[in-house]
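Shown here: work21.tsv, TSV, C-alpha atoms and all ligand atoms.
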```
chain	number	residue	atom	x	y	z
A	16	MET	CA	-62.35	7.11	43.68
A	17	ASN	CA	-60.76	4.98	41.00
A	18	GLU	CA	-61.98	1.53	39.95
A	19	TYR	CA	-59.92	-0.34	42.53
A	20	GLN	CA	-61.04	1.94	45.37
A	21	LEU	CA	-64.68	1.51	44.34
A	22	LEU	CA	-64.26	-2.27	44.30
A	23	ARG	CA	-62.85	-2.18	47.83
A	24	LYS	CA	-65.64	0.12	48.94
A	25	LYS	CA	-68.27	-2.30	47.59
A	26	HIS	CA	-66.81	-5.19	49.60
A	27	PHE	CA	-66.08	-3.06	52.68
A	28	ASP	CA	-69.67	-1.75	52.75
A	29	ALA	CA	-71.10	-5.25	52.41
A	30	ALA	CA	-68.94	-6.46	55.33
A	31	VAL	CA	-69.82	-3.47	57.54
A	32	ALA	CA	-73.56	-3.85	56.82
A	33	GLN	CA	-73.48	-7.14	58.76
A	34	THR	CA	-72.05	-5.45	61.86
A	35	GLY	CA	-72.80	-2.77	64.44
A	36	PHE	CA	-70.21	-0.44	62.83
A	37	GLN	CA	-71.35	2.80	61.15
A	38	THR	CA	-69.66	4.46	58.18
A	39	GLN	CA	-69.18	8.22	57.89
A	40	GLU	CA	-66.26	8.36	55.48
A	41	SER	CA	-65.79	5.77	52.74
A	42	LEU	CA	-63.69	2.74	53.69
A	43	THR	CA	-63.82	3.61	57.39
A	44	ALA	CA	-66.38	2.70	60.06
A	45	SER	CA	-66.72	3.01	63.81
A	46	PHE	CA	-68.36	1.06	66.60
A	47	GLN	CA	-69.42	2.56	69.94
A	48	ILE	CA	-68.21	0.22	72.68
A	49	PRO	CA	-70.81	-0.27	75.46
A	50	LYS	CA	-69.69	1.82	78.47
A	51	ASN	CA	-69.23	-1.06	80.93
A	52	LEU	CA	-67.17	-3.00	78.40
A	53	PHE	CA	-64.97	0.02	77.69
A	54	SER	CA	-64.35	0.45	81.45
A	55	GLU	CA	-63.38	-3.20	81.65
A	56	LEU	CA	-61.01	-2.74	78.72
A	57	GLN	CA	-59.38	0.25	80.44
A	58	LYS	CA	-59.01	-1.72	83.65
A	59	THR	CA	-57.41	-4.77	82.02
A	60	VAL	CA	-55.04	-2.61	79.95
A	61	MET	CA	-54.05	-0.67	83.08
A	62	ASP	CA	-53.34	-3.99	84.80
A	63	TYR	CA	-51.29	-5.13	81.81
A	64	LEU	CA	-49.16	-1.99	82.00
A	65	TYR	CA	-48.80	-2.29	85.77
A	66	THR	CA	-47.71	-5.94	85.51
A	67	SER	CA	-45.35	-5.02	82.63
A	68	SER	CA	-43.56	-2.53	84.86
A	69	HIS	CA	-43.06	-5.35	87.42
A	70	HIS	CA	-45.43	-3.35	89.64
A	71	ALA	CA	-42.82	-0.60	89.78
A	72	ALA	CA	-45.00	2.06	88.17
A	73	VAL	CA	-47.01	3.42	91.05
A	74	LYS	CA	-50.77	3.37	90.50
A	75	LYS	CA	-51.33	7.07	90.85
A	76	GLU	CA	-54.53	9.03	90.85
A	77	VAL	CA	-53.27	10.99	87.88
A	78	LEU	CA	-53.08	8.78	84.82
A	79	SER	CA	-50.43	10.85	83.02
A	80	ASP	CA	-48.15	10.38	86.07
A	81	PHE	CA	-48.73	6.64	85.89
A	82	LEU	CA	-47.95	6.54	82.17
A	83	GLU	CA	-44.81	8.60	82.72
A	84	ALA	CA	-43.67	6.28	85.53
A	85	PHE	CA	-44.50	3.32	83.29
A	86	SER	CA	-42.30	4.61	80.47
A	87	SER	CA	-39.27	4.73	82.72
A	88	LYS	CA	-39.91	1.41	84.53
A	89	ALA	CA	-41.10	-1.03	81.86
A	90	LYS	CA	-38.49	-2.87	79.77
A	91	ASN	CA	-40.88	-4.55	77.33
A	92	VAL	CA	-41.60	-1.55	75.11
A	93	SER	CA	-40.54	-1.53	71.42
A	94	THR	CA	-39.26	1.55	69.60
A	95	SER	CA	-42.71	2.08	68.07
A	96	GLY	CA	-44.33	1.84	71.51
A	97	ILE	CA	-45.60	-1.76	71.45
A	98	VAL	CA	-45.82	-3.09	75.02
A	99	ILE	CA	-44.58	-6.61	74.25
A	100	PRO	CA	-46.20	-9.65	75.92
A	101	LYS	CA	-43.51	-11.43	77.97
A	102	SER	CA	-43.63	-14.34	80.42
A	103	TYR	CA	-44.48	-12.10	83.38
A	104	CYS	CA	-47.41	-10.35	81.71
A	105	ASP	CA	-48.86	-12.98	79.33
A	106	LEU	CA	-51.79	-13.66	81.66
A	107	ALA	CA	-52.56	-9.96	81.90
A	108	PHE	CA	-52.39	-9.86	78.08
A	109	THR	CA	-54.84	-12.78	77.94
A	110	ASN	CA	-57.22	-10.78	80.14
A	111	VAL	CA	-57.09	-7.85	77.71
A	112	HIS	CA	-57.75	-10.28	74.85
A	113	ARG	CA	-60.87	-11.60	76.58
A	114	VAL	CA	-62.37	-8.10	76.65
A	115	ILE	CA	-61.36	-7.37	73.03
A	116	ALA	CA	-63.04	-10.63	71.97
A	117	GLU	CA	-66.21	-9.52	73.75
A	118	VAL	CA	-66.08	-6.16	71.92
A	119	MET	CA	-65.74	-8.05	68.61
A	120	THR	CA	-68.69	-10.27	69.52
A	121	GLN	CA	-70.89	-7.33	70.51
A	122	SER	CA	-70.03	-5.44	67.32
A	123	ASN	CA	-71.01	-8.52	65.27
A	124	LEU	CA	-67.65	-8.49	63.56
A	125	ARG	CA	-67.09	-12.04	64.73
A	126	GLU	CA	-69.10	-13.55	61.87
A	127	GLY	CA	-67.36	-11.51	59.18
A	128	ALA	CA	-63.82	-12.43	60.22
A	129	GLU	CA	-61.88	-15.06	58.30
A	130	PHE	CA	-58.82	-14.90	60.56
A	131	TRP	CA	-57.08	-12.52	62.93
A	132	ILE	CA	-53.53	-11.25	62.60
A	133	TYR	CA	-51.95	-12.00	65.91
A	134	PRO	CA	-50.97	-10.80	68.39
A	135	PHE	CA	-52.68	-7.41	68.50
A	136	ASN	CA	-50.68	-4.48	69.83
A	137	ILE	CA	-51.14	-2.63	73.07
A	138	ARG	CA	-49.23	0.52	72.27
A	139	LEU	CA	-48.07	3.49	74.30
A	140	LYS	CA	-47.58	6.65	72.31
A	141	GLY	CA	-45.70	9.17	74.40
A	142	ALA	CA	-45.94	12.93	74.23
A	143	VAL	CA	-42.88	13.11	71.99
A	144	LYS	CA	-42.77	11.63	68.50
A	145	THR	CA	-40.47	8.74	67.72
A	146	SER	CA	-39.81	9.73	64.08
A	147	ASP	CA	-36.13	10.38	64.45
A	148	VAL	CA	-35.18	6.87	65.55
A	149	LEU	CA	-37.32	4.69	63.28
A	150	SER	CA	-36.83	3.81	59.63
A	151	TYR	CA	-40.52	4.45	59.01
A	152	PRO	CA	-42.27	6.01	61.97
A	153	THR	CA	-45.93	5.33	62.70
A	154	GLU	CA	-46.42	9.11	62.58
A	155	LEU	CA	-46.16	9.08	58.79
A	156	PRO	CA	-49.17	7.95	56.73
A	157	HIS	CA	-48.88	4.23	56.02
A	158	SER	CA	-50.72	1.02	55.26
A	159	GLU	CA	-49.98	-2.14	57.26
A	160	THR	CA	-49.70	-4.02	53.94
A	161	TRP	CA	-46.40	-2.22	53.33
A	162	VAL	CA	-44.84	-4.28	56.12
A	163	GLY	CA	-46.43	-7.53	54.92
A	164	CYS	CA	-49.97	-7.53	56.27
A	165	SER	CA	-52.72	-9.08	54.14
A	166	LYS	CA	-54.32	-7.03	51.36
A	167	ARG	CA	-57.61	-8.53	52.54
A	168	SER	CA	-57.31	-6.95	55.98
A	169	VAL	CA	-58.74	-3.97	57.80
A	170	LEU	CA	-57.19	-2.21	60.78
A	171	LEU	CA	-59.12	-1.92	64.04
A	172	HIS	CA	-57.84	0.87	66.27
A	173	ILE	CA	-59.08	1.42	69.83
A	174	PRO	CA	-57.89	4.33	71.98
A	175	VAL	CA	-57.92	3.09	75.60
A	176	LEU	CA	-56.20	5.41	78.08
A	177	GLY	CA	-54.57	8.81	78.42
A	178	ASP	CA	-54.83	11.85	76.17
A	179	MET	CA	-57.04	10.22	73.53
A	180	GLU	CA	-58.30	13.59	72.32
A	181	ASN	CA	-54.95	15.12	71.40
A	182	ASN	CA	-52.79	12.05	70.72
A	183	LEU	CA	-54.76	10.22	68.07
A	184	LEU	CA	-54.94	8.32	64.80
A	185	LYS	CA	-55.54	10.20	61.56
A	186	VAL	CA	-56.62	8.72	58.25
A	187	TRP	CA	-55.74	9.66	54.67
A	188	LYS	CA	-57.05	8.62	51.28
A	189	PRO	CA	-54.32	7.95	48.71
A	190	GLY	CA	-54.41	9.64	45.33
A	191	ALA	CA	-56.27	8.26	42.31
A	192	GLU	CA	-53.08	6.59	41.07
A	193	MET	CA	-53.29	3.87	43.76
A	194	ASN	CA	-54.07	0.28	42.78
A	195	ALA	CA	-53.70	-3.26	44.13
A	196	ASP	CA	-49.99	-3.24	43.41
A	197	TRP	CA	-49.62	-0.20	45.61
A	198	LEU	CA	-50.35	-2.42	48.64
A	199	ARG	CA	-47.32	-4.68	48.22
A	200	PRO	CA	-44.72	-4.87	50.98
A	201	LEU	CA	-42.16	-2.15	50.39
A	202	ALA	CA	-38.49	-2.99	50.04
A	203	SER	CA	-37.64	0.44	51.34
A	204	TYR	CA	-39.73	3.12	52.89
A	205	HIS	CA	-38.26	5.65	50.50
A	206	ASP	CA	-40.85	4.21	48.12
A	207	ALA	CA	-43.55	5.29	50.57
A	208	ASN	CA	-42.83	8.97	50.09
A	209	GLU	CA	-43.87	8.64	46.47
A	210	LEU	CA	-47.04	6.74	47.41
A	211	ILE	CA	-48.24	9.20	50.04
A	212	ARG	CA	-47.55	12.29	47.93
A	213	ASN	CA	-51.12	12.86	46.71
A	214	SER	CA	-52.94	11.61	49.77
A	215	GLN	CA	-55.75	13.62	51.33
A	216	GLU	CA	-56.62	13.73	55.00
A	217	LEU	CA	-60.12	12.47	55.84
A	218	SER	CA	-62.40	14.04	58.43
A	219	VAL	CA	-62.46	10.88	60.54
A	220	SER	CA	-60.12	10.09	63.43
A	221	SER	CA	-59.93	7.82	66.46
A	222	GLN	CA	-62.38	8.61	69.29
A	223	ALA	CA	-62.32	7.51	72.93
A	224	GLY	CA	-64.80	4.68	73.53
A	225	GLN	CA	-64.97	3.65	69.86
A	226	VAL	CA	-63.36	1.06	67.62
A	227	LEU	CA	-62.23	2.71	64.38
A	228	MET	CA	-62.08	0.40	61.35
A	229	VAL	CA	-59.83	1.51	58.49
A	230	ASP	CA	-59.51	-0.38	55.23
A	231	SER	CA	-55.92	-1.25	54.36
A	232	SER	CA	-56.23	0.65	51.07
A	233	LEU	CA	-56.34	3.86	53.14
A	234	LEU	CA	-53.43	5.32	55.09
A	235	HIS	CA	-53.24	5.96	58.81
A	236	GLY	CA	-50.76	7.52	61.22
A	237	THR	CA	-50.30	8.87	64.74
A	238	TYR	CA	-50.96	12.59	65.14
A	239	ARG	CA	-50.31	14.76	68.20
A	240	HIS	CA	-51.86	18.16	68.75
A	241	PRO	CA	-49.53	20.66	70.46
A	242	ASN	CA	-49.00	19.73	74.15
A	243	ALA	CA	-50.59	16.30	73.70
A	244	GLY	CA	-50.02	13.90	76.57
A	245	PRO	CA	-49.28	10.18	76.29
A	246	ARG	CA	-51.98	7.73	75.26
A	247	VAL	CA	-52.42	3.98	75.11
A	248	SER	CA	-54.27	2.30	72.27
A	249	ILE	CA	-54.84	-1.13	70.77
A	250	ASP	CA	-54.35	-2.00	67.14
A	251	LEU	CA	-55.56	-5.23	65.63
A	252	ASN	CA	-55.78	-6.38	62.01
A	253	VAL	CA	-58.40	-8.78	60.74
A	254	VAL	CA	-58.91	-10.46	57.36
A	255	LEU	CA	-62.53	-10.27	56.24
A	256	LYS	CA	-64.38	-13.12	54.54
A	257	ASN	CA	-65.98	-10.54	52.28
A	258	TYR	CA	-62.64	-9.75	50.66
A	259	SER	CA	-62.46	-12.97	48.68
A	260	ASN	CA	-59.13	-14.34	47.48
A	261	ASP	CA	-60.34	-14.32	43.86
A	262	ILE	CA	-61.07	-10.63	43.81
A	263	PHE	CA	-58.31	-9.54	46.18
A	264	PRO	CA	-55.35	-11.88	45.52
A	265	ASP	CA	-53.11	-11.91	48.54
A	266	GLU	CA	-49.91	-13.53	47.32
A	267	HIS	CA	-47.58	-10.84	48.64
A	268	ASN	CA	-48.32	-10.94	52.35
A	269	LEU	CA	-45.46	-11.97	54.63
A	270	LEU	CA	-47.61	-13.54	57.34
A	271	ALA	CA	-46.30	-16.72	58.95
A	272	GLU	CA	-48.84	-19.38	59.92
A	273	ARG	CA	-48.29	-18.58	63.61
A	274	GLN	CA	-49.46	-15.01	62.92
A	275	LYS	CA	-52.87	-16.13	61.58
A	276	LEU	CA	-55.35	-16.97	64.29
A	277	SER	CA	-58.66	-18.65	63.46
A	278	SER	CA	-61.86	-17.15	64.82
A	279	GLN	CA	-62.40	-20.40	66.69
A	280	ASP	CA	-59.19	-19.89	68.67
A	281	PHE	CA	-59.56	-16.12	68.89
A	282	PHE	CA	-62.84	-16.46	70.77
A	283	GLU	CA	-61.53	-19.19	73.09
A	284	ILE	CA	-58.60	-17.13	74.39
A	285	GLY	CA	-59.47	-16.07	77.92
A	286	LYS	CA	-61.64	-19.19	78.25
A	287	SER	CA	-60.14	-22.62	77.38
A	288	LEU	CA	-57.02	-21.05	75.79
A	289	ARG	CA	-54.48	-18.47	76.88
A	290	VAL	CA	-51.51	-16.56	75.51
A	291	HIS	CA	-48.11	-17.83	76.65
A	292	SER	CA	-44.67	-16.29	76.20
A	293	PRO	CA	-41.44	-17.96	77.30
A	294	ASP	CA	-39.48	-14.69	77.00
A	295	GLY	CA	-38.12	-12.48	79.75
A	296	ASP	CA	-36.86	-8.92	79.42
A	297	GLY	CA	-33.46	-9.98	78.11
A	298	ASP	CA	-34.88	-12.05	75.24
A	299	ILE	CA	-35.22	-10.48	71.83
A	300	PHE	CA	-37.47	-12.24	69.33
A	301	SER	CA	-36.43	-11.75	65.70
A	302	PRO	CA	-37.38	-14.78	63.57
A	303	VAL	CA	-36.41	-14.82	59.90
A	304	ASP	CA	-39.95	-15.50	58.67
A	305	GLY	CA	-43.25	-13.70	59.04
A	306	MET	CA	-44.34	-10.10	59.30
A	307	ARG	CA	-41.90	-8.42	61.67
A	308	HIS	CA	-43.23	-8.45	65.24
A	309	PRO	CA	-41.36	-8.44	68.56
A	310	ALA	CA	-43.66	-10.83	70.51
A	311	ASN	CA	-42.70	-14.48	71.02
A	312	ILE	CA	-46.01	-16.03	71.93
A	313	LYS	CA	-47.94	-19.27	71.62
A	314	ILE	CA	-51.59	-20.05	72.19
A	315	VAL	CA	-51.85	-22.83	74.78
A	316	LYS	CA	-54.55	-24.52	76.86
A	317	SER	CA	-55.32	-22.55	79.97
B	1	FE	FE	-50.05	1.24	61.47
```

This entry written out as C-alpha cells:
Amino acid sequence: MNEYQLLRKKHFDAAVAQTGFQTQESLTASFQIPKNLFSELQKTVMDYLYTSSHHAAVKKEVLSDFLEAFSSKAKNVSTSGIVIPKSYCDLAFTNVHRVIAEVMTQSNLREGAEFWIYPFNIRLKGAVKTSDVLSYPTELPHSETWVGCSKRSVLLHIPVLGDMENNLLKVWKPGAEMNADWLRPLASYHDANELIRNSQELSVSSQAGQVLMVDSSLLHGTYRHPNAGPRVSIDLNVVLKNYSNDIFPDEHNLLAERQKLSSQDFFEIGKSLRVHSPDGDGDIFSPVDGMRHPANIKIVKS
C-alpha cells in the first residue's frame, strides 16, 4: 500500500470499528444481515419488481422464471440494469428503503454516516453482460468517484435475489501508482483503462445475506461465472464522517444537493417521509446538473 492507501485504511478502519461490520481484506468490510431482516428485504424487493412490471410478471415458484418475465415486461430498467423508481412504484421503493434503513441501524452504520447519496439502486443483472452497449460497463473494474461520486464515500452492495453465488461483485486493489487525483471524475473512460492496468483482484466478493462495504479507493465490478443466472442487488453510497474534508478534500464531486440525503431524512423515509416520483414510463429524466442518474424523485411527507 502506498501512503494515500494507508491513510484511507486508517480512516476506514476507525469508521468500521464503530459498526457491526468485519474486515477481512483491507478497505473492505461485511455485515451479516439478521435472517428475518434479509427475508423482509427480499420480499419488499420482489414486490418492487412485481409492481414495476405493472403486475405483468407472473409471481412464479421459480425465481429465475420470474426474473426472466420481469425483464421482458418492465419498462423502467436502465441500460446498466437500474430498476428506476417511477410514479407507479415509488411506494414500493419506499418500502424497500424502510428495510435498508433498518439494516443500516442494526449494523450501527447510522452513527458514522454524514450523508447518503440518493437514491440507491435496485439493480437487475441478467445472465448476459451488457458491455457491448455501454460506454463504460459495470462489468469492468471501476470506482464510483469516476462518475462524480464523493471521494469521501464507500459503496454498500447487497445481493438480494437470484443467482447471487455466480452473478456477483468482485473487488480489485489498484496499483501503487494510485493517489487522490486518481479518484477524479473521468472525462472519458478511455482514461480508466490506464488506471485499472495494474489492479489486483482481492479475495473478497459479495455474499448472499451480507452487506459488502468497499472503499471508493478500491475498484469493483460485476462478474458472472459460466452459466450464471440473473440476480438482483442493491447498491448504495454513503459519505462517512470519519473521512474529514480536511484530509480528503472533495472538490471534484458532481453531486447535486438533491442527491445528498441527510441521515435525519434517510431514517424517516418509510415513516413520516416517503419517496415520490412524478414520472411515468414515457418520461426520461436527464438534468444537466448532478451525478448522472435516471431517477426523478423527491422526498415528501407521507
Ligand atoms: Fe459501481

Q | Residues within 8 Å of ligand FE 1 (chain B), counting only C-alpha atoms and all ligand atoms, as a ChimeraX atom specification | A | /A:153,157-159,170,235-236,250

Taking (-68.8, -6.8, 65.4) in the file's coordinates, which residues come within 10 Å, counting only C-alpha atoms, written as a compact mmCIF listing (two decimals) with C-alpha atoms, keeping the file's coordinate frame?
```txt
# COMPACT_ATOMS: atom_id res chain seq x y z
CA VAL A 31 -69.82 -3.47 57.54
CA GLN A 33 -73.48 -7.14 58.76
CA THR A 34 -72.05 -5.45 61.86
CA GLY A 35 -72.80 -2.77 64.44
CA PHE A 36 -70.21 -0.44 62.83
CA PHE A 46 -68.36 1.06 66.60
CA ALA A 116 -63.04 -10.63 71.97
CA GLU A 117 -66.21 -9.52 73.75
CA VAL A 118 -66.08 -6.16 71.92
CA MET A 119 -65.74 -8.05 68.61
CA THR A 120 -68.69 -10.27 69.52
CA GLN A 121 -70.89 -7.33 70.51
CA SER A 122 -70.03 -5.44 67.32
CA ASN A 123 -71.01 -8.52 65.27
CA LEU A 124 -67.65 -8.49 63.56
CA ARG A 125 -67.09 -12.04 64.73
CA GLU A 126 -69.10 -13.55 61.87
CA GLY A 127 -67.36 -11.51 59.18
CA ALA A 128 -63.82 -12.43 60.22
CA VAL A 226 -63.36 1.06 67.62
```

Q: Find the residues around Arg273 (chain A) up to 12 Å (all atoms listed in the file counted), leave out those fewer than 2 positions away in its own chain, and share them as a PyMOL selection string.
A: chain A and resi 130-134+269-271+275-277+302+304-306+308+310-314

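Shortest atom-to-atom contact with Asp28 (chain A) among A:Ala195, A:Val73, A:Leu255, A:Leu82: A:Leu255, counting all atoms listed in the file.
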
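Counting only C-alpha atoms, the residue from A:Ser231, A:Asn257, A:Gln225, A:Ser292 that sits nearest to Asn194 (chain A) is A:Ser231.
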
Q) Any idea what's packed within 12 Å of Tyr258 (chain A), counting only C-alpha atoms, ignoring anything in its chain fewer than 6 positions away? Could you give it as a PyMOL selection string? A) chain A and resi 22-31+127-130+165-169+230-231+264-265

Cut-off 12 Å: closest region 29-122 of chain A/region 172-193 of chain A atom pairs per residue, using only C-alpha atoms, as CSV:
```
residue,atom,partner,partner_atom,distance
A:Glu40,CA,A:Val186,CA,10.0
A:Ser41,CA,A:Lys188,CA,9.3
A:Leu42,CA,A:Lys188,CA,9.2
A:Thr43,CA,A:Val186,CA,8.9
A:Ala44,CA,A:His172,CA,10.7
A:Ser45,CA,A:His172,CA,9.5
A:Phe46,CA,A:Ile173,CA,9.8
A:Gln47,CA,A:Ile173,CA,10.4
A:Ile48,CA,A:Ile173,CA,9.6
A:Leu52,CA,A:Val175,CA,11.4
A:Phe53,CA,A:Val175,CA,8.0
A:Ser54,CA,A:Val175,CA,9.1
A:Glu55,CA,A:Val175,CA,10.3
A:Leu56,CA,A:Val175,CA,7.3
A:Gln57,CA,A:Val175,CA,5.8
A:Lys58,CA,A:Val175,CA,9.4
A:Thr59,CA,A:Val175,CA,10.2
A:Val60,CA,A:Val175,CA,7.7
A:Met61,CA,A:Leu176,CA,8.2
A:Asp62,CA,A:Leu176,CA,11.9
A:Leu64,CA,A:Leu176,CA,10.9
A:Val77,CA,A:Gly177,CA,9.8
A:Leu78,CA,A:Gly177,CA,6.6
A:Ser79,CA,A:Gly177,CA,6.5
A:Asp80,CA,A:Gly177,CA,10.1
A:Phe81,CA,A:Gly177,CA,9.7
A:Leu82,CA,A:Gly177,CA,7.9
A:Glu83,CA,A:Gly177,CA,10.7
A:Val111,CA,A:Val175,CA,11.2
A:Ile115,CA,A:Ile173,CA,9.6
A:Val118,CA,A:Ile173,CA,10.5
A:Met119,CA,A:Ile173,CA,11.6
```

Q: May I ask which of the residues A:Ile262, A:Ile284, A:Val162, A:Val315 is the closest one to Phe108 (chain A), counting all atoms listed in the file?
A: A:Ile284

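Interatomic distance, CA of Thr66 (chain A) against CA of Asn136 (chain A): 16.0 Å.
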
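Restricting the calculation to all atoms listed in the file, the smallest distance between Asp294 (chain A) and any of A:Ala223, A:Val98, A:Ala243, A:Cys104 is found for A:Cys104.
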
Q. What is the distance between CA of Tyr238 (chain A) and CA of Gly141 (chain A), in Å to one decimal?
A. 11.2 Å

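Here the question is which of A:Met228, A:His267, A:Trp197, A:Gln222 gets nearest to Gln20 (chain A) using only C-alpha atoms, and that residue is A:Trp197.
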
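If you look at CA of Val114 (chain A) and CA of Lys90 (chain A), they are 24.6 Å away from each other.
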
Q) Counting all atoms listed in the file, which of A:Asn242, A:Thr237, A:Gln215, A:Ser317 gets nearest to Asn110 (chain A)? A) A:Ser317

Q. At a cut-off of 6 Å from (-47.2, -1.2, 69.3) in the coordinates of the file, what residues are picked up using all atoms listed in the file, written as a ChimeraX atom specification?
A. /A:95-97,136-138
